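Below: work-v5.txt (compact mmCIF, C-alpha atoms)
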# COMPACT_ATOMS: atom_id res chain seq x y z
CA MET A 294 258.88 188.99 100.37
CA MET A 295 258.66 185.39 101.58
CA VAL A 296 261.52 184.14 103.76
CA ALA A 297 262.72 180.54 104.01
CA VAL A 298 261.59 178.54 107.04
CA PHE A 299 263.35 175.56 108.59
CA ARG A 300 262.75 172.87 111.17
CA CYS A 301 264.71 173.11 114.43
CA ALA A 302 266.03 170.69 117.00
CA THR A 303 265.97 171.36 120.76
CA SER A 304 268.47 170.83 123.55
CA ASN A 305 265.73 169.47 125.83
CA PRO A 306 263.46 166.81 124.26
CA LEU A 307 260.90 167.42 127.01
CA HIS A 308 260.35 170.91 125.56
CA MET A 309 259.87 169.77 121.95
CA PRO A 310 256.26 170.60 120.99
CA ALA A 311 254.20 167.88 119.36
CA GLU A 312 253.94 169.84 116.11
CA GLY A 313 257.70 170.44 115.94
CA LEU A 314 259.73 173.63 116.03
CA TRP A 315 260.44 176.16 113.26
CA CYS A 316 262.74 179.09 112.59
CA ALA A 317 263.08 181.74 109.86
CA PRO A 318 266.67 183.07 110.03
CA GLY A 319 266.08 185.44 107.11
CA PHE A 320 263.17 187.28 108.77
CA ARG A 321 263.88 190.94 109.48
CA LEU A 322 261.94 193.84 110.94
CA ASP A 323 261.57 197.08 108.99
CA ALA A 324 264.49 199.51 109.15
CA GLU A 325 262.13 202.26 110.35
CA PRO A 326 260.30 201.10 113.51
CA PRO A 327 256.69 202.09 114.21
CA ALA A 328 255.72 204.73 116.79
CA THR A 329 255.39 202.33 119.73
CA ARG A 330 253.71 203.59 122.92
CA LEU A 331 251.77 202.44 125.97
CA ILE A 332 247.99 202.41 125.72
CA GLU A 333 246.22 204.00 128.66
CA ASP A 334 243.77 201.29 129.74
CA SER A 335 242.72 201.58 133.36
CA ALA A 336 240.38 198.57 133.09
CA ALA A 337 243.19 196.24 132.00
CA ALA A 338 245.56 197.82 134.53
CA SER A 339 243.08 197.10 137.33
CA LEU A 340 243.62 193.39 136.64
CA GLY A 341 247.42 193.71 136.35
CA ALA A 342 247.77 193.86 132.55
CA PHE A 343 249.07 196.57 130.24
CA ARG A 344 248.85 197.16 126.51
CA ILE A 345 251.33 198.41 123.92
CA ARG A 346 250.35 200.13 120.68
CA SER A 347 252.26 199.23 117.51
CA LEU A 348 254.92 196.90 118.84
CA LEU A 349 254.91 195.79 115.20
CA SER A 350 253.91 197.79 112.15
CA ARG A 351 251.07 196.33 110.10
CA ARG A 352 253.59 195.45 107.39
CA GLU A 353 255.73 193.56 109.92
CA ALA A 354 252.68 191.80 111.35
CA GLU A 355 251.69 190.68 107.84
CA GLY A 356 255.22 189.31 107.38
CA PHE A 357 254.87 187.23 110.56
CA VAL A 358 251.57 185.84 109.27
CA ARG A 359 253.09 184.87 105.90
CA ALA A 360 256.02 183.12 107.60
CA ALA A 361 253.69 181.30 110.02
CA ASP A 362 251.51 180.14 107.11
CA ALA A 363 254.65 178.78 105.41
CA MET A 364 255.56 176.86 108.58
CA GLY A 365 252.06 175.41 108.81
CA PHE A 366 249.68 175.18 111.74
CA THR A 367 248.85 171.91 113.50
CA ARG A 368 245.45 171.44 115.06
CA SER A 369 245.03 170.27 118.64
CA ALA A 370 245.46 166.54 118.96
CA SER A 371 241.82 166.09 119.91
CA ASP A 372 238.70 168.19 119.54
CA SER A 373 237.82 167.02 123.04
CA ASP A 374 240.73 169.05 124.47
CA THR A 375 239.15 170.87 127.39
CA GLU A 376 241.58 173.82 127.41
CA ARG A 377 242.81 174.67 123.90
CA ARG A 378 241.23 174.12 120.50
CA ASN A 379 242.96 175.96 117.65
CA GLY A 380 245.86 175.66 115.25
CA ALA A 381 249.35 176.14 116.68
CA LEU A 382 253.02 176.18 115.79
CA SER A 383 256.25 176.91 117.67
CA TRP A 384 258.66 179.51 116.26
CA ALA A 385 262.20 179.99 117.57
CA LEU A 386 263.36 183.57 117.01
CA HIS A 387 266.94 183.93 115.75
CA ASP A 388 269.20 186.36 117.63
CA PRO A 389 268.88 189.50 115.42
CA LEU A 390 265.08 189.26 115.48
CA ARG A 391 264.89 188.46 119.19
CA GLU A 392 267.27 191.30 120.07
CA ALA A 393 265.43 193.83 117.91
CA LEU A 394 262.05 192.97 119.46
CA SER A 395 263.57 192.91 122.96
CA ALA A 396 264.96 196.41 122.50
CA ARG A 397 261.69 197.70 121.02
CA ILE A 398 259.54 196.49 123.93
CA ALA A 399 262.06 197.29 126.70
CA PRO A 400 260.91 200.87 127.50
CA PHE A 401 257.37 199.65 128.21
CA VAL A 402 257.88 196.61 130.47
CA PRO A 403 259.07 196.18 134.08
CA ARG A 404 262.85 196.48 134.08
CA ALA A 405 263.07 194.64 137.41
CA ILE A 406 260.83 192.32 139.40
CA CYS A 407 261.18 192.03 143.17
CA SER A 408 260.00 188.56 144.11
CA HIS A 409 259.32 187.37 147.65
CA SER A 410 257.67 184.38 149.29
CA GLY A 411 254.76 184.37 151.68
CA GLU A 412 257.17 184.13 154.58
CA ALA A 413 259.08 187.30 153.61
CA ALA A 414 259.53 189.70 156.49
CA PRO A 415 257.22 192.75 156.27
CA GLU A 416 260.29 195.01 156.36
CA ARG A 417 261.64 193.42 153.20
CA ARG A 418 258.37 193.87 151.33
CA ALA A 419 258.21 197.49 152.49
CA GLU A 420 261.76 198.02 151.21
CA MET A 421 260.76 196.62 147.81
CA LEU A 422 257.70 198.86 147.68
CA ARG A 423 259.83 201.92 148.51
CA ALA A 424 262.17 200.98 145.65
CA GLU A 425 259.21 200.72 143.29
CA ALA A 426 257.88 204.12 144.37
CA ALA A 427 261.31 205.70 143.94
CA ARG A 428 261.58 204.28 140.44
CA ARG A 429 258.17 205.66 139.51
CA ALA A 430 259.17 209.08 140.83
CA LEU A 431 262.28 209.05 138.64
CA LEU A 432 260.05 208.25 135.67
CA GLY A 433 258.02 211.35 136.43
CA GLY A 434 254.71 209.73 137.21
CA GLY A 435 252.77 206.65 137.99
CA GLY A 436 252.73 204.59 134.84
CA SER A 437 249.15 203.62 135.46
CA ALA A 438 249.16 200.88 132.85
CA GLY A 439 251.68 198.84 134.87
CA GLY A 440 254.46 199.02 132.25
CA GLY A 441 256.66 201.99 131.50
CA GLY A 442 259.78 200.48 133.06
CA GLU A 443 258.78 200.60 136.72
CA PRO A 444 259.56 197.42 138.68
CA TRP A 445 257.00 194.97 139.93
CA VAL A 446 256.81 193.66 143.47
CA ARG A 447 255.12 190.27 143.58
CA ARG A 448 254.76 187.23 145.81
CA CYS A 449 255.96 184.08 144.01
CA ASP A 450 255.84 181.13 146.39
CA GLY A 451 258.20 178.32 145.48
CA ALA A 452 260.57 180.58 143.46
CA PRO A 453 263.95 182.15 144.30
CA GLU A 454 263.60 185.44 146.16
CA GLY A 455 265.34 188.63 145.15
CA THR A 456 265.46 191.12 142.29
CA TYR A 457 265.13 189.78 138.75
CA ARG A 458 266.52 192.05 135.99
CA TYR A 459 265.01 192.27 132.51
CA GLU A 460 266.94 190.40 129.80
CA GLY A 461 264.61 190.31 126.78
CA LEU A 462 262.07 188.24 124.90
CA ASN A 463 262.25 184.48 124.92
CA ALA A 464 263.38 182.94 121.63
CA ARG A 465 260.64 180.32 121.98
CA CYS A 466 257.29 181.63 120.71
CA ARG A 467 253.92 180.06 120.07
CA VAL A 468 251.67 181.21 117.24
CA TYR A 469 247.96 180.35 117.41
CA ARG A 470 245.35 180.37 114.65
CA TYR A 471 241.64 180.63 115.58
CA GLU A 472 239.39 179.67 112.68
CA PRO A 473 236.07 181.53 112.34
CA GLY A 474 232.98 179.59 113.30
CA GLY A 475 232.90 179.72 117.08
CA SER A 476 234.55 176.42 118.03
CA ASP A 477 238.20 177.49 118.33
CA ARG A 478 239.02 178.92 121.72
CA PHE A 479 241.50 178.86 124.60
CA ALA A 480 239.68 178.18 127.86
CA PRO A 481 240.49 180.23 131.00
CA HIS A 482 244.00 179.46 132.25
CA PHE A 483 247.14 180.88 133.82
CA ASP A 484 250.37 181.03 131.82
CA GLU A 485 253.27 179.38 133.65
CA CYS A 486 256.88 180.57 133.67
CA TRP A 487 259.33 179.17 131.11
CA PRO A 488 263.11 178.82 130.98
CA GLY A 489 265.01 181.19 128.75
CA SER A 490 266.08 179.91 125.35
CA THR A 491 268.40 180.93 122.51
CA LEU A 492 268.47 179.71 118.92
CA ALA A 493 271.89 178.35 117.94
CA LEU A 494 272.52 178.36 114.18
CA LYS A 495 275.34 176.50 112.47
CA GLY A 496 276.62 177.56 109.08
CA THR A 497 276.29 180.86 107.27
CA GLY A 498 272.55 181.30 106.93
CA GLY A 499 271.28 177.94 105.75
CA GLY A 500 269.26 177.44 108.92
CA GLU A 501 269.07 173.68 108.40
CA GLU A 502 271.22 173.08 111.51
CA ALA A 503 269.28 175.05 114.11
CA THR A 504 268.91 174.10 117.77
CA LEU A 505 266.87 175.86 120.43
CA VAL A 506 269.07 175.78 123.55
CA TYR A 507 267.25 176.09 126.88
CA ASP A 508 268.65 177.43 130.13
CA GLY A 509 269.29 174.61 132.56
CA TRP A 510 267.60 175.58 135.82
CA THR A 511 265.39 173.13 137.66
CA TYR A 512 262.66 174.00 140.14
CA GLY A 513 261.88 172.51 143.53
CA ALA A 514 259.21 169.87 143.95
CA ASP A 515 257.15 172.08 146.27
CA ALA A 516 257.04 175.60 147.67
CA THR A 517 259.85 174.97 150.15
CA ALA A 518 262.26 172.95 147.97
CA THR A 519 265.42 174.59 146.62
CA TRP A 520 265.85 175.52 142.96
CA GLN A 521 269.06 174.78 141.08
CA TRP A 522 270.33 177.38 138.60
CA GLY A 523 273.45 178.89 137.09
CA PRO A 524 274.69 182.50 136.93
CA ARG A 525 273.38 183.03 133.38
CA ASP A 526 270.00 181.34 133.74
CA ARG A 527 266.82 183.24 132.92
CA VAL A 528 263.16 182.67 133.72
CA SER A 529 260.04 184.36 132.40
CA HIS A 530 257.72 186.47 134.56
CA LEU A 531 255.29 187.91 132.01
CA SER A 532 253.52 186.78 128.85
CA VAL A 533 253.38 188.93 125.72
CA LEU A 534 250.55 188.43 123.23
CA VAL A 535 251.27 190.10 119.89
CA TYR A 536 248.22 190.36 117.65
CA LEU A 537 249.22 189.71 114.03
CA ASN A 538 245.93 190.59 112.35
CA ASP A 539 242.42 191.94 112.91
CA GLY A 540 239.24 192.47 110.90
CA PHE A 541 237.23 189.55 112.32
CA PRO A 542 234.19 189.48 114.63
CA GLY A 543 234.99 188.30 118.15
CA GLY A 544 238.36 186.77 119.04
CA GLU A 545 238.93 188.99 122.08
CA THR A 546 241.33 188.13 124.88
CA ALA A 547 239.29 188.12 128.08
CA LEU A 548 241.11 189.09 131.29
CA LEU A 549 239.34 187.49 134.23
CA GLN A 550 239.09 187.73 137.97
CA GLU A 551 240.85 184.81 139.64
CA ASP A 552 237.57 183.05 140.41
CA GLY A 553 236.84 182.96 136.65
CA GLY A 554 233.66 184.96 136.99
CA GLY A 555 232.64 187.05 134.00
CA GLY A 556 231.43 190.01 136.07
CA GLY A 557 234.92 191.44 136.47
CA SER A 558 236.28 190.52 133.06
CA VAL A 559 237.94 192.95 130.64
CA CYS A 560 237.94 192.15 126.93
CA VAL A 561 240.80 193.26 124.69
CA ALA A 562 239.98 193.35 120.98
CA PRO A 563 242.91 192.37 118.73
CA SER A 564 244.50 195.10 116.63
CA ALA A 565 247.32 194.12 114.26
CA GLY A 566 250.73 194.96 115.71
CA ASP A 567 249.52 195.70 119.26
CA ALA A 568 250.67 193.71 122.30
CA LEU A 569 249.10 192.71 125.60
CA CYS A 570 251.30 191.89 128.63
CA PHE A 571 250.42 190.24 131.95
CA GLY A 572 251.98 188.19 134.74
CA GLN A 573 252.71 184.48 134.73
CA SER A 574 252.53 181.93 137.54
CA PHE A 575 255.27 179.91 139.23
CA ALA A 576 252.87 177.21 140.43
CA LEU A 577 254.10 174.76 137.76
CA GLY A 578 251.49 172.20 138.75
CA ARG A 579 253.13 171.64 142.13
CA PRO A 580 250.93 170.55 145.04
CA GLY A 581 250.29 173.29 147.54
CA VAL A 582 251.71 176.07 145.33
CA CYS A 583 249.11 178.68 144.38
CA PRO A 584 249.30 180.90 141.27
CA SER A 585 251.72 183.76 141.88
CA GLU A 586 250.64 187.27 142.77
CA ARG A 587 249.87 189.32 139.62
CA ALA A 588 249.47 186.15 137.54
CA LEU A 589 246.41 186.75 135.37
CA LEU A 590 243.64 184.30 134.51
CA HIS A 591 242.68 184.83 130.86
CA GLU A 592 241.03 183.17 127.87
CA GLY A 593 241.05 183.40 124.07
CA ARG A 594 237.47 183.81 122.87
CA PRO A 595 236.13 182.39 119.59
CA VAL A 596 236.02 184.16 116.25
CA ALA A 597 232.44 184.34 114.96
CA ALA A 598 231.51 182.74 111.65
CA ALA A 599 230.43 185.94 109.89
CA PRO A 600 228.73 189.28 110.49
CA PRO A 601 224.96 189.11 111.11
CA ARG A 602 222.99 188.15 108.00
CA ALA A 603 221.38 191.35 106.82
CA TYR A 604 220.76 193.27 103.65
CA ALA A 605 222.67 196.25 104.91
CA THR A 606 224.59 197.70 101.98
CA THR A 607 228.31 197.81 102.67
CA ARG A 608 229.31 198.55 99.07
CA ALA A 609 227.74 198.80 95.67
CA PRO A 610 227.61 195.47 93.78
CA THR A 611 229.79 195.08 90.74
CA ARG A 612 228.18 194.61 87.31
CA ARG A 613 229.18 190.94 87.37
CA GLU A 614 227.58 190.44 90.78
CA ARG A 615 224.33 192.05 89.55
CA ARG A 616 224.23 189.76 86.50
CA ARG A 617 224.83 186.65 88.62
CA SER A 618 222.34 187.50 91.36
CA GLY A 619 219.66 189.35 89.43
CA ARG A 620 219.52 191.89 92.27
CA ARG A 621 219.87 195.61 92.09
CA GLY A 622 220.44 196.32 95.77
CA GLY A 623 223.59 196.26 97.79
CA VAL A 624 225.68 193.18 98.53
CA ARG A 625 224.32 191.22 101.48
CA ALA A 626 226.54 190.41 104.43
CA ALA A 627 225.93 186.75 103.54
CA ASP A 628 227.58 187.39 100.15
CA ALA A 629 230.71 188.88 101.70
CA PRO A 630 233.80 186.69 102.05
CA PRO A 631 234.17 184.88 105.39
CA PRO A 632 236.16 186.68 108.06
CA PRO A 633 239.85 185.86 108.42
CA ALA A 634 241.19 183.55 111.09
CA LYS A 635 242.70 185.24 114.13
CA ILE A 636 246.51 184.92 114.32
CA VAL A 637 248.29 185.77 117.58
CA MET A 638 251.88 185.18 118.74
CA ARG A 639 252.74 184.49 122.38
CA SER A 640 256.20 184.99 123.87
CA ASP A 641 257.67 185.56 127.33
CA LEU A 642 259.57 188.38 129.01
CA LEU A 643 262.76 186.91 130.46
CA TYR A 644 264.57 188.01 133.62
CA TRP A 645 267.93 186.99 135.06
CA ILE A 646 267.45 184.74 138.10
CA PRO A 647 269.04 186.58 141.04
CA PRO A 648 272.00 185.03 142.83
CA PRO A 649 271.19 183.50 146.21
CA GLU A 650 270.55 185.96 149.04
CA SER A 651 270.43 188.97 146.67
Same coordinates, now as structure tokens:
Amino acid sequence: MMVAVFRCATSNPLHMPAEGLWCAPGFRLDAEPPATRLIEDSAAASLGAFRIRSLLSRREAEGFVRAADAMGFTRSASDSDTERRNGALSWALHDPLREALSARIAPFVPRAICSHSGEAAPERRAEMLRAEAARRALLGGGGSAGGGGEPWVRRCDGAPEGTYRYEGLNARCRVYRYEPGGSDRFAPHFDECWPGSTLALKGTGGGEEATLVYDGWTYGADATATWQWGPRDRVSHLSVLVYLNDGFPGGETALLQEDGGGGGSVCVAPSAGDALCFGQSFALGRPGVCPSERALLHEGRPVAAAPPRAYATTRAPTRRERRRSGRRGGVRAADAPPPPAKIVMRSDLLYWIPPPES
């Protein structure tokens, strides 16, 4: 069933994407959730990422695709864009949808993140590591994929120190569409942290008066400058990529070593409903601030135009196809319909910013 989609306003014009902002207040997940679980992937875990099977059911993923198609994708402003070339839209999740997804993913993500700067005393880091080990012991094992609820300990220069507690998914999401043909891609990059946001709806379900309200923290100009934030402000620490479809050649997410070399890369093939999670950076383009520990360099690789041209029979031709082609053999790969575009949704895992000196 198609749901109505609406344009949104934003509380911070600086965060309004060029293609605008959308919401779908009538969108709902299925009453019976899928059997969500962690995927054991030691290769991805070695680079600091972890994967989740069936965060969405295939039916739910198809619903996201239909709603995104109704919103409409906007291509990059210029084909000369050196980082991203694909279609994109911004989707603000309304509270029931955001809360349902936040609860569904919660058992599989770090419930706390212990952040310290490069100048943190060794004793403090050791204390954080002991807390992480104790948490893992309570969980009954290691959680080798890096999720499973155990906390992270990471160095984030230029960010408030202390323990960040999991709050949920960010309402602000980006949905990307990679057309087949090999030109659409997302070049290697780090994802940066984002402020938390909540969709405020006025009325009783019309959705026409919708505003995405951002948390109001501000960051320091360099690694030593002080942040300003309130007691209910949230910041993201991890990205979540939710694959909304599959069935196309290529389109993998490549997880890269920090130097960008391909020798240590791990490729994750999209599977509809699955999710991939990894750390974000707090560099924020500031001079002298390096990407944070456990931030992951990654890229979105192109979707190929079609399977290799070959006469391999994938199915028997219909009578109509035989009449039109005059052939008796199987249907060529070149006769098959083109592969679908890749559709992927990106959101953030939000954490409460700790009070000073926590």
key: Spatial neighbours of A:Glu502, max dist 10 Å, all atoms listed in the file, sep filter under 6 positions, as a ChimeraX atom specification   = /A:299-302,493-496
### Query
Hey, which of A:Asp567, A:Glu312, A:Asp484, A:Asp477 ends up closest to A:Glu353? Count only C-alpha atoms.
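Closest residue, counting only C-alpha atoms: A:Asp567.
For the set A:Val637, A:Ala568, A:Ala363, A:Ala452, the residue with the smallest atom-to-atom gap to A:Pro649 is A:Ala452, counting all atoms listed in the file.
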A straight line from atom CA of A:Thr511 to atom CA of A:Ala399 spans 26.7 Å
How many Å lie between atom CA of A:Val596 and atom CA of A:Ala634, rounded to one decimal?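 Those two atoms sit 7.3 Å apart.
In this model, the gap between atom CA of A:Pro327 and atom CA of A:Ala297 comes to 24.6 Å.
Nearest to A:Ala336 of all the residues A:Leu549, A:Val506, A:Ala354, A:Cys316 is A:Leu549, based on only C-alpha atoms.
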